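Engineer: This is the content of work36.cif (mmCIF, C-alpha atoms):
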data_protein
#
loop_
_atom_site.label_atom_id
_atom_site.label_comp_id
_atom_site.auth_asym_id
_atom_site.auth_seq_id
_atom_site.Cartn_x
_atom_site.Cartn_y
_atom_site.Cartn_z
CA MET A 1 31.71 -62.09 -10.17
CA ALA A 2 31.32 -62.74 -6.56
CA VAL A 3 30.80 -59.01 -5.80
CA MET A 4 27.64 -58.83 -7.93
CA LYS A 5 24.52 -58.67 -5.86
CA LYS A 6 21.56 -60.78 -6.52
CA LYS A 7 18.59 -58.58 -7.28
CA GLY A 8 15.18 -59.09 -5.75
CA ASN A 9 16.42 -61.43 -3.16
CA LYS A 10 16.85 -58.91 -0.41
CA SER A 11 14.02 -56.51 0.52
CA LEU A 12 14.75 -52.75 0.58
CA PRO A 13 15.57 -51.18 3.93
CA PRO A 14 12.54 -49.27 5.27
CA ILE A 15 12.47 -45.53 4.55
CA SER A 16 13.33 -43.60 7.66
CA THR A 17 10.36 -41.65 8.99
CA ALA A 18 12.38 -39.86 11.61
CA SER A 19 12.02 -36.50 9.85
CA LEU A 20 8.28 -36.85 9.31
CA PRO A 21 7.39 -35.05 12.58
CA ASP A 22 9.61 -32.16 11.54
CA VAL A 23 7.86 -31.84 8.20
CA ILE A 24 4.45 -31.93 9.83
CA PHE A 25 5.50 -29.39 12.44
CA MET A 26 6.63 -27.09 9.66
CA ILE A 27 3.22 -27.28 7.99
CA LEU A 28 1.59 -26.78 11.37
CA PHE A 29 3.57 -23.62 12.08
CA PHE A 30 2.77 -22.31 8.63
CA PHE A 31 -0.94 -22.68 9.32
CA MET A 32 -0.66 -21.25 12.82
CA VAL A 33 1.00 -18.12 11.49
CA SER A 34 -0.99 -17.53 8.34
CA THR A 35 -4.53 -18.14 9.57
CA THR A 36 -6.83 -16.57 12.08
CA MET A 37 -9.38 -18.13 14.36
CA ARG A 38 -12.88 -18.60 13.05
CA ASP A 39 -14.82 -16.16 15.15
CA GLN A 40 -18.48 -16.62 14.55
CA GLU A 41 -21.01 -18.79 12.88
CA LEU A 42 -22.82 -17.26 9.97
CA LEU A 43 -26.58 -17.09 10.10
CA VAL A 44 -26.92 -15.30 6.79
CA ARG A 45 -25.75 -16.18 3.34
CA TYR A 46 -24.08 -13.68 1.15
CA ARG A 47 -22.08 -13.40 -2.00
CA LEU A 48 -19.85 -10.38 -1.77
CA PRO A 49 -19.97 -7.83 -4.57
CA GLU A 50 -16.90 -7.54 -6.74
CA ALA A 51 -14.60 -4.57 -7.09
CA THR A 52 -11.15 -3.89 -8.49
CA GLU A 53 -9.91 -1.17 -6.16
CA VAL A 54 -10.16 -3.14 -2.93
CA GLN A 55 -7.81 -2.63 -0.03
CA LYS A 56 -6.84 -5.13 2.60
CA LEU A 57 -8.17 -4.64 6.07
CA GLU A 58 -5.10 -4.22 8.17
CA LYS A 59 -5.57 -5.21 11.80
CA LYS A 60 -8.18 -7.85 12.35
CA SER A 61 -8.56 -7.04 16.03
CA LEU A 62 -9.81 -3.56 15.19
CA VAL A 63 -12.46 -4.78 12.79
CA SER A 64 -16.04 -5.56 13.72
CA TYR A 65 -18.35 -7.21 11.28
CA ILE A 66 -21.93 -6.61 10.31
CA HIS A 67 -23.38 -9.28 8.06
CA ILE A 68 -26.37 -8.56 5.89
CA GLY A 69 -28.13 -11.08 3.69
CA GLN A 70 -30.77 -13.75 3.42
CA PRO A 71 -31.02 -16.13 6.38
CA SER A 72 -29.03 -19.29 5.79
CA LEU A 73 -30.85 -22.34 4.41
CA ALA A 74 -31.35 -23.96 7.81
CA MET A 75 -32.87 -20.76 9.18
CA GLN A 76 -35.11 -19.98 6.23
CA ALA A 77 -37.97 -22.16 7.45
CA LYS A 78 -38.16 -20.06 10.58
CA PHE A 79 -37.21 -16.59 9.41
CA GLY A 80 -38.16 -16.47 5.74
CA THR A 81 -36.01 -15.05 2.99
CA ALA A 82 -36.14 -11.34 3.67
CA PRO A 83 -32.66 -9.90 4.21
CA ARG A 84 -31.52 -9.77 7.82
CA ILE A 85 -28.77 -8.09 9.77
CA GLN A 86 -26.55 -10.34 11.85
CA LEU A 87 -24.64 -8.88 14.76
CA ASN A 88 -22.48 -11.30 16.74
CA ASP A 89 -24.51 -14.50 16.79
CA SER A 90 -28.07 -13.43 16.28
CA TYR A 91 -30.40 -11.57 13.96
CA ARG A 92 -30.85 -7.98 14.93
CA THR A 93 -32.44 -4.88 13.54
CA ALA A 94 -30.74 -1.62 12.59
CA LYS A 95 -31.80 -0.19 15.96
CA ASP A 96 -29.41 -2.52 17.83
CA ILE A 97 -26.35 -1.27 15.99
CA GLY A 98 -25.77 1.53 18.47
CA ASP A 99 -25.44 -0.96 21.34
CA PHE A 100 -23.33 -3.28 19.21
CA VAL A 101 -20.88 -0.52 18.34
CA ALA A 102 -20.66 0.56 21.98
CA ALA A 103 -19.95 -3.02 23.06
CA GLU A 104 -17.32 -3.50 20.37
CA ARG A 105 -15.69 -0.22 21.26
CA ASP A 106 -15.49 -1.23 24.91
CA LYS A 107 -13.48 -4.30 23.94
CA LEU A 108 -10.70 -2.17 22.46
CA SER A 109 -8.11 -0.27 24.37
CA GLU A 110 -8.37 3.50 24.67
CA ALA A 111 -5.72 4.12 22.03
CA ASP A 112 -7.27 1.85 19.43
CA ARG A 113 -10.81 3.16 19.65
CA ALA A 114 -10.30 5.87 17.06
CA SER A 115 -9.15 3.38 14.45
CA MET A 116 -12.01 0.94 14.91
CA THR A 117 -13.36 -0.17 11.56
CA ILE A 118 -16.76 -1.60 10.79
CA CYS A 119 -16.76 -4.06 7.94
CA LEU A 120 -20.07 -4.32 6.13
CA LYS A 121 -20.43 -7.74 4.62
CA ALA A 122 -23.56 -7.56 2.55
CA ASP A 123 -24.99 -9.71 -0.20
CA ASP A 124 -24.71 -8.17 -3.64
CA ALA A 125 -28.45 -8.47 -4.21
CA THR A 126 -29.34 -6.47 -1.10
CA LYS A 127 -31.22 -3.24 -1.63
CA MET A 128 -29.57 0.00 -0.59
CA GLY A 129 -32.45 0.79 1.79
CA ILE A 130 -31.23 -1.62 4.47
CA ILE A 131 -27.59 -0.60 3.90
CA THR A 132 -28.48 3.05 4.29
CA ASP A 133 -30.33 2.36 7.53
CA VAL A 134 -27.23 0.63 8.85
CA LYS A 135 -25.02 3.49 7.71
CA GLN A 136 -27.27 6.04 9.40
CA GLU A 137 -27.12 4.07 12.64
CA LEU A 138 -23.34 3.87 12.37
CA ARG A 139 -23.14 7.62 11.91
CA ARG A 140 -25.35 8.08 14.94
CA ALA A 141 -23.11 5.73 16.93
CA ASN A 142 -20.10 7.71 15.70
CA ALA A 143 -18.45 4.70 14.07
CA LEU A 144 -17.41 6.50 10.92
CA LYS A 145 -14.68 4.32 9.55
CA ILE A 146 -16.29 1.65 7.45
CA SER A 147 -15.32 -0.79 4.77
CA TYR A 148 -17.64 -2.25 2.18
CA ALA A 149 -16.42 -5.82 1.92
CA ALA A 150 -15.89 -6.79 -1.68
CA SER A 151 -13.93 -9.50 -3.36
CA LYS A 152 -11.15 -8.70 -5.74
CA SER A 153 -12.06 -8.98 -9.40
CA LEU A 154 -10.26 -8.14 -12.58
CA GLY A 155 -12.88 -5.80 -13.94
CA TYR A 156 -16.48 -5.50 -14.95
CA TYR A 157 -16.35 -5.36 -18.68
CA MET B 1 27.40 -54.92 36.62
CA ALA B 2 25.95 -54.93 33.20
CA VAL B 3 22.90 -52.80 34.02
CA ASP B 4 24.95 -49.72 34.98
CA LYS B 5 26.92 -49.71 31.78
CA ARG B 6 23.83 -49.65 29.62
CA LYS B 7 22.75 -46.29 28.26
CA VAL B 8 19.43 -44.72 29.16
CA GLN B 9 16.84 -46.06 26.78
CA GLU B 10 15.76 -43.67 24.04
CA ILE B 11 12.21 -42.46 24.10
CA ASN B 12 10.28 -43.77 21.16
CA ALA B 13 9.49 -40.80 18.89
CA GLY B 14 7.42 -42.76 16.43
CA SER B 15 4.15 -41.22 17.60
CA MET B 16 5.46 -37.68 17.32
CA ALA B 17 4.17 -37.46 13.76
CA ASP B 18 0.71 -38.50 14.89
CA ILE B 19 0.64 -35.80 17.55
CA ALA B 20 1.76 -33.20 15.03
CA PHE B 21 -0.90 -34.39 12.60
CA LEU B 22 -3.57 -34.01 15.27
CA LEU B 23 -2.48 -30.44 15.97
CA LEU B 24 -2.33 -29.68 12.28
CA ILE B 25 -5.84 -30.93 11.69
CA PHE B 26 -7.13 -28.95 14.66
CA PHE B 27 -5.70 -25.74 13.20
CA LEU B 28 -6.99 -26.53 9.74
CA VAL B 29 -10.50 -26.87 11.08
CA ALA B 30 -10.56 -24.05 13.60
CA THR B 31 -9.03 -21.25 11.57
CA THR B 32 -9.76 -19.35 8.42
CA MET B 33 -7.30 -18.02 5.93
CA ASN B 34 -9.25 -15.48 3.90
CA VAL B 35 -8.10 -11.90 4.12
CA ASP B 36 -10.87 -9.36 4.15
CA THR B 37 -10.77 -6.88 1.37
CA GLY B 38 -13.06 -3.97 0.75
CA LEU B 39 -13.55 -0.36 -0.17
CA THR B 40 -12.79 1.82 2.82
CA ARG B 41 -14.79 4.97 3.38
CA MET B 42 -15.24 7.58 6.05
CA LEU B 43 -18.84 8.39 6.85
CA PRO B 44 -19.66 12.03 7.53
CA PRO B 45 -20.46 12.73 11.18
CA ILE B 46 -24.04 13.65 11.98
CA PRO B 47 -24.27 17.44 12.03
CA PRO B 48 -25.48 19.08 15.22
CA GLU B 49 -29.17 19.86 15.00
CA ASN B 50 -28.88 23.60 15.43
CA GLN B 51 -26.27 24.02 12.73
CA GLN B 52 -27.18 26.36 9.93
CA THR B 53 -27.13 24.83 6.49
CA GLU B 54 -25.82 27.99 4.83
CA ASP B 55 -22.23 27.66 5.93
CA VAL B 56 -21.78 24.18 4.48
CA LYS B 57 -23.17 25.16 1.12
CA VAL B 58 -20.74 24.48 -1.70
CA LYS B 59 -20.78 26.10 -5.10
CA GLU B 60 -22.74 24.20 -7.69
CA ARG B 61 -19.78 23.89 -10.02
CA ASN B 62 -17.86 22.07 -7.30
CA VAL B 63 -20.27 19.19 -6.91
CA LEU B 64 -20.49 16.22 -9.23
CA LEU B 65 -23.82 14.59 -8.61
CA VAL B 66 -23.97 10.88 -9.23
CA LEU B 67 -27.35 9.26 -8.92
CA ILE B 68 -28.13 5.57 -9.20
CA ASN B 69 -31.73 4.48 -9.56
CA GLY B 70 -33.39 1.17 -8.80
CA ALA B 71 -32.73 -0.15 -12.30
CA GLY B 72 -29.00 0.51 -11.95
CA GLN B 73 -29.00 3.45 -14.34
CA ILE B 74 -26.48 6.14 -13.59
CA MET B 75 -26.97 9.85 -13.98
CA ALA B 76 -23.98 12.08 -13.44
CA GLY B 77 -23.04 15.68 -13.91
CA ILE B 78 -22.94 19.06 -12.32
CA GLN B 79 -26.27 20.42 -11.12
CA GLY B 80 -28.37 21.26 -14.16
CA GLN B 81 -26.19 19.41 -16.64
CA GLN B 82 -26.79 15.86 -15.53
CA GLU B 83 -27.02 13.20 -18.15
CA LEU B 84 -27.64 9.50 -18.27
CA ILE B 85 -24.30 7.76 -18.68
CA ASP B 86 -22.91 4.29 -18.83
CA LEU B 87 -20.77 2.85 -16.04
CA ARG B 88 -17.84 2.78 -18.46
CA GLN B 89 -17.98 6.53 -18.96
CA LEU B 90 -18.13 7.32 -15.28
CA LYS B 91 -14.43 7.01 -14.59
CA GLU B 92 -13.41 9.39 -17.37
CA LYS B 93 -16.08 11.85 -16.37
CA THR B 94 -14.92 11.80 -12.76
CA LYS B 95 -11.30 12.22 -13.77
CA GLU B 96 -12.19 15.18 -15.96
CA PHE B 97 -14.14 16.60 -13.06
CA ILE B 98 -11.25 16.26 -10.60
CA LEU B 99 -8.56 17.52 -12.95
CA ASN B 100 -10.48 20.19 -14.89
CA PRO B 101 -7.68 20.20 -17.48
CA TYR B 102 -8.91 23.23 -19.44
CA ASP B 103 -9.84 25.33 -16.39
CA LEU B 104 -13.44 25.61 -17.52
CA GLU B 105 -15.92 27.83 -15.73
CA THR B 106 -18.35 24.94 -15.41
CA MET B 107 -15.85 22.64 -13.75
CA PRO B 108 -14.65 22.78 -10.14
CA GLU B 109 -12.38 25.57 -9.04
CA LYS B 110 -8.85 24.97 -7.91
CA LYS B 111 -7.09 26.54 -5.01
CA ASP B 112 -3.33 26.85 -4.88
CA GLU B 113 -2.03 25.16 -1.78
CA GLU B 114 1.45 24.92 -0.42
CA ILE B 115 2.30 21.36 0.43
CA GLU B 116 5.41 20.53 2.38
CA LEU B 117 7.54 17.90 0.70
CA PRO B 118 9.46 15.24 2.66
CA ASP B 119 12.77 17.03 1.90
CA GLY B 120 11.49 20.22 3.53
CA SER B 121 10.81 22.29 0.44
CA LYS B 122 7.40 23.65 -0.52
CA TRP B 123 5.39 22.60 -3.53
CA THR B 124 2.47 24.62 -4.79
CA TYR B 125 -0.29 22.58 -6.33
CA ALA B 126 -3.72 23.65 -7.50
CA VAL B 127 -5.93 21.44 -5.37
CA SER B 128 -9.33 20.76 -6.86
CA GLN B 129 -12.26 21.83 -4.70
CA GLY B 130 -14.57 19.30 -6.30
CA VAL B 131 -16.69 16.88 -4.30
CA VAL B 132 -18.37 13.81 -5.72
CA SER B 133 -21.79 13.36 -4.20
CA LEU B 134 -23.21 9.88 -4.52
CA GLN B 135 -26.91 9.36 -4.09
CA THR B 136 -29.03 6.27 -4.34
CA THR B 137 -32.66 5.35 -4.01
CA ARG B 138 -33.78 2.84 -1.44
CA ASP B 139 -34.26 0.13 -4.04
CA THR B 140 -30.85 0.46 -5.68
CA ASN B 141 -28.96 -2.79 -5.83
CA TYR B 142 -25.92 -3.06 -3.58
CA GLN B 143 -23.85 -4.48 -6.43
CA ALA B 144 -24.63 -1.43 -8.60
CA TYR B 145 -23.68 0.84 -5.72
CA ILE B 146 -20.36 -0.93 -5.17
CA MET B 147 -19.61 -0.83 -8.90
CA VAL B 148 -20.12 2.94 -8.93
CA GLN B 149 -18.07 3.35 -5.74
CA ASN B 150 -15.36 1.29 -7.38
CA GLU B 151 -15.33 3.42 -10.53
CA LEU B 152 -15.10 6.58 -8.44
CA THR B 153 -12.23 5.14 -6.41
CA ARG B 154 -10.54 4.10 -9.63
CA ALA B 155 -10.81 7.64 -10.98
CA PHE B 156 -9.23 9.06 -7.82
CA ASN B 157 -6.51 6.40 -7.80
CA GLU B 158 -5.62 7.07 -11.43
CA VAL B 159 -5.40 10.80 -10.82
CA ARG B 160 -3.17 10.12 -7.83
CA ASP B 161 -1.00 7.85 -9.95
CA GLU B 162 -0.65 10.53 -12.62
CA VAL B 163 0.23 13.25 -10.12
CA SER B 164 2.76 11.08 -8.29
CA MET B 165 4.23 9.98 -11.63
CA ARG B 166 4.84 13.63 -12.49
CA LYS B 167 6.07 14.61 -9.05
CA PHE B 168 8.03 11.63 -7.80
CA GLY B 169 8.42 9.52 -10.93
CA SER B 170 6.75 6.42 -9.54
CA LYS B 171 3.25 5.13 -8.93
CA PHE B 172 1.28 6.01 -5.83
CA ALA B 173 1.47 2.46 -4.50
CA ASP B 174 5.27 2.50 -4.64
CA LEU B 175 5.72 5.72 -2.70
CA ASN B 176 6.80 5.86 0.89
CA GLU B 177 4.62 7.10 3.73
CA ALA B 178 5.69 10.77 3.59
CA GLU B 179 5.38 11.04 -0.18
CA ARG B 180 2.01 9.37 -0.08
CA LYS B 181 0.79 11.97 2.36
CA VAL B 182 1.82 14.71 -0.07
CA ILE B 183 -0.17 13.15 -2.89
CA THR B 184 -3.17 12.53 -0.64
CA THR B 185 -3.18 16.21 0.29
CA ALA B 186 -2.91 17.19 -3.37
CA VAL B 187 -5.65 14.82 -4.49
CA PRO B 188 -8.00 14.23 -1.58
CA ASN B 189 -10.48 11.40 -1.95
CA LYS B 190 -13.65 13.41 -1.73
CA ILE B 191 -16.62 11.12 -2.15
CA SER B 192 -19.57 12.22 -0.09
CA GLU B 193 -22.21 9.71 0.81
CA ALA B 194 -25.46 11.54 1.03
CA GLU B 195 -28.61 10.16 2.50
CA PRO B 196 -30.88 8.42 0.03
CA ARG B 197 -33.55 10.30 -1.79
CA ASN B 198 -36.96 9.47 -0.55
CA ILE B 199 -38.88 8.80 -3.70
CA LYS B 200 -42.51 9.44 -3.01
CA LYS B 201 -44.89 6.94 -4.40
#
Output the structure of this file as structure tokens.
Structural biologist:
Amino acid sequence: MAVMKKKGNKSLPPISTASLPDVIFMILFFFMVSTTMRDQELLVRYRLPEATEVQKLEKKSLVSYIHIGQPSLAMQAKFGTAPRIQLNDSYRTAKDIGDFVAAERDKLSEADRASMTICLKADDATKMGIITDVKQELRRANALKISYAASKSLGYY
Amino acid sequence: MAVDKRKVQEINAGSMADIAFLLLIFFLVATTMNVDTGLTRMLPPIPPENQQTEDVKVKERNVLLVLINGAGQIMAGIQGQQELIDLRQLKEKTKEFILNPYDLETMPEKKDEEIELPDGSKWTYAVSQGVVSLQTTRDTNYQAYIMVQNELTRAFNEVRDEVSMRKFGSKFADLNEAERKVITTAVPNKISEAEPRNIKK
């Protein structure tokens, strides 16, 4: 009888937190590996169209983005609601795409220039007129590899 | 002396977790995780100005015209036989156009081509000469355009799957690089993006 412990009298030993840093470091490394840096602030709002046959864009460093859509809420007081083209961090017109492509191409190494991809991120309610203007400018700038950004969906019907 | 015998004091690692948390939160805020997906296309290069238009003319039976108007209605067919169709019918129509299963006169011609297989042997396949030409008006909705592009891609992907099923016994996505190249040569993804029609008011 003397071996029996009295319950509740003694408090539990504290849980060791020595492995907590290791756990956190593991989560940290997971995020470092699986994410990419946020590159630019969006000045337009868009909801991507949906498609089923989408492909992943392989190398992020070879991809340049063109955003098309309504100005974001904070900007609407100043710029209205007509769709705009955003290149880097400002609103531009289709005319500036040639310069933009040239600048983006200069950033890449000689070997990678041929595989440069332009990703068109446009709102699904945009009219084709503005998209076609952009496409014509891209053709003129000889940036022929493009990708119409779309989110994966299971089907339309 | 008692001081010499004592071990070096351990560094307190209690704040290690806090440091790791700080780093973790920094990375959570400063990075994004979303992978970009999309439909990849090659734009046609701008033709030189002095080029004659005659030599790029393709036979009418080899072109499937797909037109989308501002209301999202789709008209598809070979020149002269276009009809208003539903988005659901577009995939089947495109597949029929690419495959031309009954070798009809009104459907695209096929040209026998010798394709080199990964094991070195030759494989003769009747490659369709058909081109899908997609045209829009300036007021077509982007969503409608992407939906049509998607259906066309789906048609091509399904044909590729069928051909690779027959040839290699597995789906196109499961093939290796060399086999994929064979199928891509046999069923090229020919979607031409023409300039929009200028509808006069």
Engineer: Quick one: which residues end up in the PyMOL selection byres ((chain B) within 7 of (chain A)) for this structure, as number ranges by chain?
Structural biologist: B: 16-17, 20-21, 24, 27, 30-33, 36-46, 138-143, 146-147, 150, 153-154
Engineer: Taking all atoms listed in the file into account, name the residue in B:Leu28, B:Val182, B:Leu87, B:Val8 that is nearest to Gly72 in chain B.
Structural biologist: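 The answer is B:Leu87, which sits nearest to Gly72 in chain B.
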Engineer: At a cut-off of 9 Å, using all atoms listed in the file, what residues contact Lys111 in chain B? Leave out same-chain residues fewer than 5 positions from it and give the result as an NGL selection string.
Structural biologist: :B and (125-129)
Engineer: Could you give me, as a list of chain:residue names, the residues within 12 Å of Thr93 in chain A, counting all atoms listed in the file and dropping anything in the same chain fewer than 3 positions from it?
Structural biologist: A:Ile66, A:His67, A:Ile68, A:Pro83, A:Arg84, A:Ile85, A:Gln86, A:Leu87, A:Ser90, A:Asp96, A:Ile97, A:Gly98, A:Asp99, A:Phe100, A:Ile130, A:Ile131, A:Asp133, A:Val134, A:Glu137
Engineer: In Å, with one decimal, what is the gap from CA of Gln73 in chain B to CA of Thr94 in chain B?
Structural biologist: 16.4 Å
Engineer: CA of Ala186 in chain B and CA of Ala114 in chain A are how many Å apart?
Structural biologist: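 Separation between CA of Ala186 in chain B and CA of Ala114 in chain A: 24.5 Å.
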Engineer: State, in Å with one decimal place, the distance from CA of Glu109 in chain B to CA of Gly130 in chain B.
Structural biologist: 7.2 Å
Engineer: Could you list the residues chosen by the PyMOL selection byres ((chain B and resi 83) around 12) in this structure as an MDAnalysis selection string?
Structural biologist: chainID B and resid 64:68 73:82 84:86 89:90 93
Engineer: Please evaluate the PyMOL selection byres ((chain B and resi 189) around 10) against the structure above and give the resulting residues as a ChimeraX atom specification.
Structural biologist: /B:41,98,130-132,152-153,155-157,160,184-188,190-192
